[in-house]
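Novice: Handing over structure.tsv, TSV, N, CA and C atoms.
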```tsv
chain	number	residue	atom	x	y	z
A	1	MET	N	-16.51	-1.97	-14.97
A	1	MET	CA	-15.93	-1.01	-14.06
A	1	MET	C	-16.14	-1.49	-12.62
A	2	ILE	N	-15.12	-1.38	-11.84
A	2	ILE	CA	-15.19	-1.80	-10.45
A	2	ILE	C	-15.73	-0.64	-9.63
A	3	SER	N	-16.77	-0.92	-8.85
A	3	SER	CA	-17.32	0.12	-8.00
A	3	SER	C	-16.65	0.07	-6.64
A	4	LEU	N	-16.23	1.22	-6.17
A	4	LEU	CA	-15.56	1.33	-4.88
A	4	LEU	C	-16.43	2.10	-3.91
A	5	THR	N	-16.39	1.69	-2.67
A	5	THR	CA	-17.09	2.45	-1.65
A	5	THR	C	-16.28	3.70	-1.34
A	6	ASP	N	-16.90	4.60	-0.58
A	6	ASP	CA	-16.19	5.84	-0.24
A	6	ASP	C	-14.95	5.57	0.61
A	7	SER	N	-15.02	4.63	1.52
A	7	SER	CA	-13.84	4.33	2.34
A	7	SER	C	-12.73	3.71	1.50
A	8	GLN	N	-13.08	2.92	0.49
A	8	GLN	CA	-12.06	2.36	-0.39
A	8	GLN	C	-11.42	3.44	-1.25
A	9	LYS	N	-12.20	4.43	-1.67
A	9	LYS	CA	-11.63	5.55	-2.42
A	9	LYS	C	-10.66	6.35	-1.56
A	10	ILE	N	-11.04	6.57	-0.31
A	10	ILE	CA	-10.15	7.27	0.63
A	10	ILE	C	-8.89	6.44	0.84
A	11	GLY	N	-9.05	5.13	0.97
A	11	GLY	CA	-7.91	4.24	1.15
A	11	GLY	C	-6.97	4.25	-0.04
A	12	MET	N	-7.52	4.31	-1.24
A	12	MET	CA	-6.67	4.39	-2.44
A	12	MET	C	-5.86	5.67	-2.43
A	13	GLY	N	-6.50	6.76	-2.04
A	13	GLY	CA	-5.78	8.03	-1.96
A	13	GLY	C	-4.70	8.01	-0.90
A	14	LEU	N	-5.02	7.48	0.28
A	14	LEU	CA	-4.03	7.39	1.34
A	14	LEU	C	-2.86	6.50	0.95
A	15	THR	N	-3.15	5.37	0.32
A	15	THR	CA	-2.10	4.46	-0.11
A	15	THR	C	-1.22	5.12	-1.18
A	16	GLY	N	-1.86	5.82	-2.12
A	16	GLY	CA	-1.10	6.52	-3.15
A	16	GLY	C	-0.20	7.59	-2.58
A	17	PHE	N	-0.73	8.38	-1.65
A	17	PHE	CA	0.09	9.40	-1.00
A	17	PHE	C	1.20	8.75	-0.17
A	18	GLY	N	0.90	7.62	0.45
A	18	GLY	CA	1.92	6.92	1.23
A	18	GLY	C	3.08	6.46	0.36
A	19	VAL	N	2.76	5.87	-0.79
A	19	VAL	CA	3.81	5.45	-1.72
A	19	VAL	C	4.60	6.66	-2.22
A	20	PHE	N	3.90	7.76	-2.51
A	20	PHE	CA	4.58	8.98	-2.96
A	20	PHE	C	5.54	9.49	-1.89
A	21	PHE	N	5.08	9.57	-0.64
A	21	PHE	CA	5.95	10.07	0.43
A	21	PHE	C	7.13	9.12	0.69
A	22	LEU	N	6.90	7.82	0.58
A	22	LEU	CA	8.00	6.87	0.74
A	22	LEU	C	9.04	7.06	-0.36
A	23	PHE	N	8.57	7.17	-1.59
A	23	PHE	CA	9.50	7.37	-2.71
A	23	PHE	C	10.23	8.70	-2.58
A	24	PHE	N	9.49	9.75	-2.26
A	24	PHE	CA	10.09	11.08	-2.13
A	24	PHE	C	11.07	11.13	-0.95
A	25	GLY	N	10.75	10.42	0.13
A	25	GLY	CA	11.64	10.36	1.28
A	25	GLY	C	12.94	9.65	0.96
A	26	MET	N	12.86	8.61	0.11
A	26	MET	CA	14.08	7.93	-0.30
A	26	MET	C	14.90	8.78	-1.28
A	27	MET	N	14.21	9.52	-2.12
A	27	MET	CA	14.92	10.39	-3.07
A	27	MET	C	15.64	11.54	-2.35
A	28	LEU	N	15.12	11.96	-1.23
A	28	LEU	CA	15.75	13.03	-0.45
A	28	LEU	C	16.65	12.46	0.64
A	29	PHE	N	17.40	11.42	0.28
A	29	PHE	CA	18.41	10.82	1.15
A	29	PHE	C	17.82	10.33	2.48
A	30	PHE	N	16.74	9.58	2.37
A	30	PHE	CA	16.11	8.92	3.52
A	30	PHE	C	15.73	9.91	4.61
A	31	ASP	N	14.91	10.86	4.22
A	31	ASP	CA	14.40	11.84	5.16
A	31	ASP	C	13.44	11.15	6.14
A	32	LYS	N	13.74	11.27	7.42
A	32	LYS	CA	12.98	10.55	8.45
A	32	LYS	C	11.51	10.93	8.47
A	33	ALA	N	11.24	12.22	8.36
A	33	ALA	CA	9.85	12.68	8.47
A	33	ALA	C	9.01	12.20	7.30
A	34	LEU	N	9.53	12.30	6.09
A	34	LEU	CA	8.77	11.87	4.92
A	34	LEU	C	8.54	10.36	4.93
A	35	LEU	N	9.55	9.61	5.34
A	35	LEU	CA	9.38	8.16	5.40
A	35	LEU	C	8.37	7.76	6.47
A	36	ALA	N	8.38	8.44	7.60
A	36	ALA	CA	7.41	8.13	8.65
A	36	ALA	C	6.00	8.44	8.19
A	37	ILE	N	5.81	9.59	7.55
A	37	ILE	CA	4.49	9.95	7.03
A	37	ILE	C	4.05	8.94	5.97
A	38	GLY	N	4.97	8.56	5.08
A	38	GLY	CA	4.65	7.57	4.05
A	38	GLY	C	4.25	6.24	4.63
A	39	ASN	N	4.95	5.78	5.66
A	39	ASN	CA	4.60	4.51	6.29
A	39	ASN	C	3.22	4.55	6.92
A	40	ILE	N	2.94	5.62	7.64
A	40	ILE	CA	1.64	5.74	8.30
A	40	ILE	C	0.52	5.81	7.27
A	41	LEU	N	0.72	6.59	6.22
A	41	LEU	CA	-0.32	6.70	5.19
A	41	LEU	C	-0.51	5.38	4.44
A	42	PHE	N	0.57	4.67	4.15
A	42	PHE	CA	0.46	3.42	3.41
A	42	PHE	C	-0.30	2.37	4.21
A	43	VAL	N	0.07	2.18	5.47
A	43	VAL	CA	-0.59	1.16	6.28
A	43	VAL	C	-2.04	1.53	6.56
A	44	SER	N	-2.31	2.80	6.83
A	44	SER	CA	-3.71	3.19	7.07
A	44	SER	C	-4.53	3.11	5.78
A	45	GLY	N	-3.93	3.47	4.65
A	45	GLY	CA	-4.65	3.34	3.38
A	45	GLY	C	-4.96	1.91	3.05
A	46	LEU	N	-4.03	1.00	3.32
A	46	LEU	CA	-4.27	-0.41	3.09
A	46	LEU	C	-5.43	-0.92	3.93
A	47	SER	N	-5.49	-0.45	5.17
A	47	SER	CA	-6.60	-0.91	6.04
A	47	SER	C	-7.94	-0.31	5.59
A	48	PHE	N	-7.92	0.89	5.00
A	48	PHE	CA	-9.16	1.45	4.45
A	48	PHE	C	-9.61	0.69	3.21
A	49	VAL	N	-8.67	0.26	2.39
A	49	VAL	CA	-9.03	-0.40	1.13
A	49	VAL	C	-9.62	-1.78	1.39
A	50	ILE	N	-8.97	-2.59	2.20
A	50	ILE	CA	-9.45	-3.95	2.38
A	50	ILE	C	-10.19	-4.16	3.69
A	51	GLY	N	-10.24	-3.17	4.54
A	51	GLY	CA	-10.96	-3.27	5.81
A	51	GLY	C	-10.04	-3.64	6.95
A	52	LEU	N	-10.42	-3.25	8.15
A	52	LEU	CA	-9.58	-3.49	9.32
A	52	LEU	C	-9.44	-4.98	9.65
A	53	GLU	N	-10.54	-5.70	9.58
A	53	GLU	CA	-10.50	-7.11	9.92
A	53	GLU	C	-9.65	-7.90	8.93
A	54	ARG	N	-9.82	-7.65	7.65
A	54	ARG	CA	-9.04	-8.36	6.64
A	54	ARG	C	-7.57	-7.95	6.68
A	55	THR	N	-7.29	-6.70	7.02
A	55	THR	CA	-5.90	-6.27	7.17
A	55	THR	C	-5.25	-7.01	8.33
A	56	PHE	N	-5.97	-7.09	9.45
A	56	PHE	CA	-5.45	-7.80	10.61
A	56	PHE	C	-5.22	-9.28	10.29
A	57	ARG	N	-6.19	-9.90	9.61
A	57	ARG	CA	-6.03	-11.31	9.24
A	57	ARG	C	-4.88	-11.52	8.27
A	58	PHE	N	-4.67	-10.55	7.34
A	58	PHE	CA	-3.58	-10.68	6.37
A	58	PHE	C	-2.22	-10.61	7.06
A	59	PHE	N	-2.04	-9.64	7.92
A	59	PHE	CA	-0.74	-9.44	8.54
A	59	PHE	C	-0.42	-10.47	9.63
A	60	PHE	N	-1.41	-10.94	10.34
A	60	PHE	CA	-1.15	-11.77	11.50
A	60	PHE	C	-1.55	-13.22	11.31
A	61	GLN	N	-1.27	-13.76	10.13
A	61	GLN	CA	-1.41	-15.19	9.90
A	61	GLN	C	-0.16	-15.89	10.44
A	62	ARG	N	-0.32	-17.11	10.86
A	62	ARG	CA	0.79	-17.83	11.50
A	62	ARG	C	1.99	-17.98	10.55
A	63	HIS	N	1.76	-18.30	9.30
A	63	HIS	CA	2.87	-18.51	8.37
A	63	HIS	C	3.49	-17.20	7.85
A	64	LYS	N	2.87	-16.07	8.15
A	64	LYS	CA	3.41	-14.78	7.75
A	64	LYS	C	4.00	-14.00	8.92
A	65	PHE	N	4.26	-14.68	10.03
A	65	PHE	CA	4.75	-13.98	11.22
A	65	PHE	C	6.11	-13.34	10.98
A	66	LYS	N	7.01	-14.05	10.32
A	66	LYS	CA	8.34	-13.51	10.04
A	66	LYS	C	8.24	-12.28	9.14
A	67	ALA	N	7.45	-12.37	8.10
A	67	ALA	CA	7.31	-11.25	7.16
A	67	ALA	C	6.67	-10.05	7.84
A	68	THR	N	5.64	-10.27	8.63
A	68	THR	CA	4.97	-9.18	9.33
A	68	THR	C	5.90	-8.53	10.33
A	69	SER	N	6.68	-9.33	11.03
A	69	SER	CA	7.59	-8.74	12.02
A	69	SER	C	8.66	-7.90	11.35
A	70	PHE	N	9.16	-8.33	10.20
A	70	PHE	CA	10.13	-7.50	9.49
A	70	PHE	C	9.50	-6.22	8.97
A	71	PHE	N	8.31	-6.31	8.38
A	71	PHE	CA	7.68	-5.13	7.80
A	71	PHE	C	7.30	-4.12	8.90
A	72	LEU	N	6.56	-4.57	9.89
A	72	LEU	CA	6.14	-3.65	10.95
A	72	LEU	C	7.31	-3.22	11.84
A	73	GLY	N	8.30	-4.09	11.99
A	73	GLY	CA	9.51	-3.70	12.69
A	73	GLY	C	10.26	-2.61	11.94
A	74	GLY	N	10.29	-2.70	10.62
A	74	GLY	CA	10.91	-1.65	9.82
A	74	GLY	C	10.18	-0.34	9.95
A	75	VAL	N	8.85	-0.39	9.98
A	75	VAL	CA	8.07	0.83	10.19
A	75	VAL	C	8.41	1.44	11.54
A	76	LEU	N	8.50	0.61	12.55
A	76	LEU	CA	8.84	1.10	13.90
A	76	LEU	C	10.25	1.69	13.94
A	77	VAL	N	11.19	1.05	13.27
A	77	VAL	CA	12.56	1.56	13.26
A	77	VAL	C	12.63	2.90	12.53
A	78	VAL	N	11.87	3.07	11.46
A	78	VAL	CA	11.82	4.37	10.78
A	78	VAL	C	11.22	5.42	11.70
A	79	LEU	N	10.15	5.07	12.41
A	79	LEU	CA	9.53	6.02	13.32
A	79	LEU	C	10.45	6.38	14.48
A	80	ILE	N	11.30	5.46	14.90
A	80	ILE	CA	12.26	5.74	15.97
A	80	ILE	C	13.33	6.71	15.48
A	81	GLY	N	13.73	6.60	14.22
A	81	GLY	CA	14.70	7.54	13.70
A	81	GLY	C	15.88	6.95	12.96
A	82	TRP	N	15.85	5.68	12.63
A	82	TRP	CA	16.90	5.06	11.83
A	82	TRP	C	16.33	4.68	10.47
A	83	PRO	N	16.28	5.64	9.55
A	83	PRO	CA	15.54	5.41	8.30
A	83	PRO	C	16.14	4.36	7.37
A	84	ILE	N	17.44	4.30	7.24
A	84	ILE	CA	18.03	3.37	6.27
A	84	ILE	C	17.82	1.92	6.73
A	85	VAL	N	18.08	1.66	8.00
A	85	VAL	CA	17.88	0.31	8.53
A	85	VAL	C	16.40	-0.07	8.46
A	86	GLY	N	15.53	0.88	8.79
A	86	GLY	CA	14.10	0.62	8.75
A	86	GLY	C	13.58	0.32	7.36
A	87	VAL	N	14.06	1.06	6.37
A	87	VAL	CA	13.60	0.84	4.99
A	87	VAL	C	14.09	-0.52	4.49
A	88	VAL	N	15.30	-0.91	4.84
A	88	VAL	CA	15.80	-2.23	4.43
A	88	VAL	C	14.94	-3.33	5.04
A	89	LEU	N	14.60	-3.19	6.32
A	89	LEU	CA	13.72	-4.18	6.97
A	89	LEU	C	12.34	-4.19	6.34
A	90	GLU	N	11.81	-3.01	6.02
A	90	GLU	CA	10.49	-2.93	5.40
A	90	GLU	C	10.48	-3.59	4.03
A	91	ILE	N	11.49	-3.34	3.23
A	91	ILE	CA	11.53	-3.90	1.87
A	91	ILE	C	11.60	-5.43	1.94
A	92	TYR	N	12.42	-5.95	2.85
A	92	TYR	CA	12.50	-7.40	3.00
A	92	TYR	C	11.16	-7.97	3.45
A	93	GLY	N	10.54	-7.34	4.44
A	93	GLY	CA	9.24	-7.79	4.91
A	93	GLY	C	8.17	-7.66	3.84
A	94	PHE	N	8.22	-6.59	3.05
A	94	PHE	CA	7.24	-6.38	1.98
A	94	PHE	C	7.33	-7.50	0.95
A	95	PHE	N	8.54	-7.86	0.55
A	95	PHE	CA	8.69	-8.93	-0.43
A	95	PHE	C	8.26	-10.27	0.14
A	96	LEU	N	8.50	-10.51	1.42
A	96	LEU	CA	8.02	-11.75	2.02
A	96	LEU	C	6.49	-11.76	2.14
A	97	LEU	N	5.90	-10.62	2.49
A	97	LEU	CA	4.45	-10.56	2.66
A	97	LEU	C	3.71	-10.72	1.34
A	98	PHE	N	4.15	-10.01	0.33
A	98	PHE	CA	3.41	-9.95	-0.92
A	98	PHE	C	3.98	-10.86	-2.00
A	99	ARG	N	4.74	-11.86	-1.60
A	99	ARG	CA	5.34	-12.78	-2.56
A	99	ARG	C	4.28	-13.52	-3.37
A	100	GLY	N	3.17	-13.84	-2.78
A	100	GLY	CA	2.12	-14.55	-3.49
A	100	GLY	C	1.43	-13.72	-4.56
A	101	PHE	N	1.54	-12.39	-4.49
A	101	PHE	CA	0.90	-11.53	-5.48
A	101	PHE	C	1.79	-11.26	-6.69
A	102	PHE	N	3.08	-11.56	-6.60
A	102	PHE	CA	4.00	-11.24	-7.69
A	102	PHE	C	3.68	-11.98	-9.00
A	103	PRO	N	3.34	-13.28	-8.97
A	103	PRO	CA	2.99	-13.93	-10.25
A	103	PRO	C	1.79	-13.29	-10.94
A	104	VAL	N	0.81	-12.86	-10.17
A	104	VAL	CA	-0.36	-12.20	-10.76
A	104	VAL	C	0.05	-10.87	-11.38
A	105	ALA	N	0.87	-10.11	-10.66
A	105	ALA	CA	1.32	-8.82	-11.15
A	105	ALA	C	2.18	-8.97	-12.40
A	106	VAL	N	3.06	-9.96	-12.42
A	106	VAL	CA	3.91	-10.18	-13.59
A	106	VAL	C	3.06	-10.58	-14.79
A	107	GLY	N	2.09	-11.45	-14.58
A	107	GLY	CA	1.20	-11.84	-15.67
A	107	GLY	C	0.41	-10.66	-16.22
A	108	PHE	N	-0.02	-9.76	-15.35
A	108	PHE	CA	-0.74	-8.58	-15.80
A	108	PHE	C	0.17	-7.63	-16.58
A	109	ILE	N	1.37	-7.40	-16.05
A	109	ILE	CA	2.30	-6.47	-16.71
A	109	ILE	C	2.74	-7.01	-18.06
A	110	ARG	N	2.84	-8.32	-18.21
A	110	ARG	CA	3.23	-8.91	-19.50
A	110	ARG	C	2.18	-8.66	-20.58
A	111	ARG	N	0.94	-8.42	-20.20
A	111	ARG	CA	-0.11	-8.15	-21.18
A	111	ARG	C	-0.21	-6.68	-21.57
A	112	VAL	N	0.48	-5.81	-20.84
A	112	VAL	CA	0.50	-4.38	-21.17
A	112	VAL	C	1.45	-4.20	-22.36
A	113	PRO	N	1.02	-3.48	-23.42
A	113	PRO	CA	1.80	-3.45	-24.66
A	113	PRO	C	3.27	-3.06	-24.51
A	114	VAL	N	3.60	-1.93	-23.97
A	114	VAL	CA	4.99	-1.48	-23.92
A	114	VAL	C	5.77	-2.22	-22.84
A	115	LEU	N	5.16	-2.36	-21.67
A	115	LEU	CA	5.84	-3.02	-20.56
A	115	LEU	C	6.07	-4.51	-20.83
A	116	GLY	N	5.15	-5.14	-21.53
A	116	GLY	CA	5.31	-6.55	-21.87
A	116	GLY	C	6.51	-6.80	-22.75
A	117	SER	N	6.76	-5.89	-23.69
A	117	SER	CA	7.94	-6.05	-24.55
A	117	SER	C	9.22	-5.79	-23.78
A	118	LEU	N	9.17	-4.89	-22.79
A	118	LEU	CA	10.35	-4.66	-21.95
A	118	LEU	C	10.66	-5.87	-21.08
A	119	LEU	N	9.62	-6.54	-20.60
A	119	LEU	CA	9.84	-7.71	-19.76
A	119	LEU	C	10.33	-8.92	-20.54
A	120	SER	N	10.22	-8.89	-21.86
A	120	SER	CA	10.68	-10.02	-22.66
A	120	SER	C	12.13	-9.85	-23.13
A	121	LEU	N	12.81	-8.78	-22.72
A	121	LEU	CA	14.21	-8.60	-23.06
A	121	LEU	C	15.05	-9.67	-22.37
A	122	PRO	N	16.20	-10.06	-22.98
A	122	PRO	CA	16.95	-11.23	-22.48
A	122	PRO	C	17.32	-11.19	-21.00
A	123	GLY	N	17.92	-10.14	-20.51
A	123	GLY	CA	18.35	-10.11	-19.12
A	123	GLY	C	17.20	-9.97	-18.14
A	124	ILE	N	16.20	-9.22	-18.56
A	124	ILE	CA	15.07	-8.95	-17.68
A	124	ILE	C	14.13	-10.15	-17.61
A	125	SER	N	13.99	-10.89	-18.70
A	125	SER	CA	13.02	-11.99	-18.73
A	125	SER	C	13.37	-13.09	-17.74
A	126	THR	N	14.67	-13.39	-17.55
A	126	THR	CA	15.03	-14.43	-16.59
A	126	THR	C	14.72	-13.99	-15.16
A	127	LEU	N	14.98	-12.72	-14.86
A	127	LEU	CA	14.67	-12.20	-13.53
A	127	LEU	C	13.17	-12.19	-13.29
A	128	VAL	N	12.41	-11.76	-14.28
A	128	VAL	CA	10.95	-11.70	-14.15
A	128	VAL	C	10.36	-13.10	-14.04
A	129	ASP	N	10.95	-14.07	-14.76
A	129	ASP	CA	10.47	-15.45	-14.64
A	129	ASP	C	10.68	-15.99	-13.24
A	130	LYS	N	11.82	-15.66	-12.62
A	130	LYS	CA	12.06	-16.11	-11.25
A	130	LYS	C	11.09	-15.45	-10.28
A	131	ILE	N	10.82	-14.16	-10.48
A	131	ILE	CA	9.87	-13.47	-9.63
A	131	ILE	C	8.47	-14.03	-9.82
A	132	GLY	N	8.12	-14.34	-11.06
A	132	GLY	CA	6.80	-14.88	-11.38
A	132	GLY	C	6.57	-16.27	-10.84
A	133	GLU	N	7.65	-17.02	-10.62
A	133	GLU	CA	7.51	-18.39	-10.10
A	133	GLU	C	7.40	-18.43	-8.59
A	134	SER	N	7.88	-17.40	-7.91
A	134	SER	CA	7.95	-17.45	-6.44
A	134	SER	C	6.60	-17.18	-5.81
A	135	ASN	N	5.81	-18.22	-5.69
A	135	ASN	CA	4.48	-18.07	-5.11
A	135	ASN	C	4.31	-18.81	-3.80
A	136	THR	N	5.39	-19.35	-3.25
A	136	THR	CA	5.28	-20.03	-1.96
A	136	THR	C	5.94	-19.21	-0.88
A	137	MET	N	5.48	-19.37	0.32
A	137	MET	CA	6.02	-18.64	1.46
A	137	MET	C	7.05	-19.50	2.15
A	138	VAL	N	8.25	-18.99	2.34
A	138	VAL	CA	9.33	-19.74	3.01
A	138	VAL	C	9.54	-19.18	4.39
```
Once more with this new file: its structure as structure tokens, please.
Specialist:
Amino acid sequence: MISLTDSQKIGMGLTGFGVFFLFFGMMLFFDKALLAIGNILFVSGLSFVIGLERTFRFFFQRHKFKATSFFLGGVLVVLIGWPIVGVVLEIYGFFLLFRGFFPVAVGFIRRVPVLGSLLSLPGISTLVDKIGESNTMV
């Protein structure tokens, strides 16, 4: 069992609520307020989970400048009031930022009984294989 500190537990909760508000904001036709709350909760929860210094180092590495600018620029655009454009920028930046984690996530999901069989279906397996291979930053 992994032991978490109290700040990491708070961060997990904030990140979970952030993802919930982002999803709920998109389901309600890109509601500006819900998306803004979700963005703030997600980024603050991430900094609670891994720490402020590690969050800063993760986002502001030289080779991740493009990805960070798209992700944080999307958050800013959502906060300004253009939710659809902001979410598109955020999603692009998110995939660029976390591209290195996708092979690990795909490998983990393939070991889960029901989800692993879904990922081995003909159309899905080729897409998942491409996602699982993309571990370099462009």
Novice: Please, what distance in Å, to one decimal, runs between atom C of Leu28 of chain A and atom CA of Val88 of chain A?
Specialist: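 Here the two named atoms are 15.2 Å from each other.
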Novice: Can you measure atom C of Gly51 of chain A to atom N of Met12 of chain A for me? One decimal in Å is fine.
Specialist: 11.7 Å
Novice: So the first atom is atom CA of Ser69 of chain A and the second is atom CA of Phe108 of chain A; what is the distance between them in Å, to one decimal place?
Specialist: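 Separation of atom CA of Ser69 of chain A and atom CA of Phe108 of chain A: 29.0 Å.
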Novice: Counting all atoms listed in the file, what is within 7 Å of segment 1-10 of chain A, bar same-chain residues fewer than 4 positions away, as a list in words?
Specialist: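 Everything that qualifies: Leu14, Thr15, Gly45, Phe48, Val49 and Ile50 of chain A.
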Novice: Go ahead and write the residues just picked, N, CA and C atoms, as a short mmCIF file (atom, residue, chain, number, x, y, z; two decimals), keeping the file's coordinate frame.
Specialist:
```cif
data_model
loop_
_atom_site.label_atom_id
_atom_site.label_comp_id
_atom_site.auth_asym_id
_atom_site.auth_seq_id
_atom_site.Cartn_x
_atom_site.Cartn_y
_atom_site.Cartn_z
N LEU A 14 -5.02 7.48 0.28
CA LEU A 14 -4.03 7.39 1.34
C LEU A 14 -2.86 6.50 0.95
N THR A 15 -3.15 5.37 0.32
CA THR A 15 -2.10 4.46 -0.11
C THR A 15 -1.22 5.12 -1.18
N GLY A 45 -3.93 3.47 4.65
CA GLY A 45 -4.65 3.34 3.38
C GLY A 45 -4.96 1.91 3.05
N PHE A 48 -7.92 0.89 5.00
CA PHE A 48 -9.16 1.45 4.45
C PHE A 48 -9.61 0.69 3.21
N VAL A 49 -8.67 0.26 2.39
CA VAL A 49 -9.03 -0.40 1.13
C VAL A 49 -9.62 -1.78 1.39
N ILE A 50 -8.97 -2.59 2.20
CA ILE A 50 -9.45 -3.95 2.38
C ILE A 50 -10.19 -4.16 3.69
#
```
Novice: Restricting the calculation to only N, CA and C atoms, which member of A:Val19, A:Val112, A:Leu35, A:Val106 is positioned closest to Val75 of chain A?
Specialist: A:Leu35
Novice: When you count all atoms listed in the file, which of these residues is closest to Ile84 of chain A: A:Lys66, A:Lys32, A:Thr126, A:Ala105?
Specialist: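 Among A:Lys66, A:Lys32, A:Thr126, A:Ala105, it is A:Lys32 that comes nearest to Ile84 of chain A.
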Novice: Set the distance at 6.5 Å and use only N, CA and C atoms: which residues neighbour Leu89 of chain A once local chain neighbours fewer than 3 positions away are removed? I'd like the list as a PyMOL selection string.
Specialist: chain A and resi 70-71+73-75+84-86+92-94
Novice: Fewer than 6 positions away in the same chain doesn't count, so skip those; otherwise give me all residues within 7 Å of Asp31 of chain A, counting only N, CA and C atoms, as a PyMOL selection string.
Specialist: chain A and resi 24-25+83
Novice: Rank A:Arg62, A:Met26, A:Gly16, A:Gly11 by their smallest atom-to-atom distance to Leu46 of chain A, using only C-alpha atoms, and report the top residue only.
Specialist: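 Closest residue, counting only C-alpha atoms: A:Gly11.
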Novice: Using only C-alpha atoms, which of the listed residues (A:Asn39, A:Thr68, A:Ser125, A:Ser44) sits closest to Phe98 of chain A?
Specialist: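 Of the candidates, the smallest distance to Phe98 of chain A is held by A:Thr68.
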Novice: In the coordinate frame of the file, compute which residues have an atom within 8 Å of (5.1, -17.8, -17.3) when using only N, CA and C atoms, and state them as a VMD selection string.
Specialist: chain A and resid 106 to 107 128 to 129 132 to 133
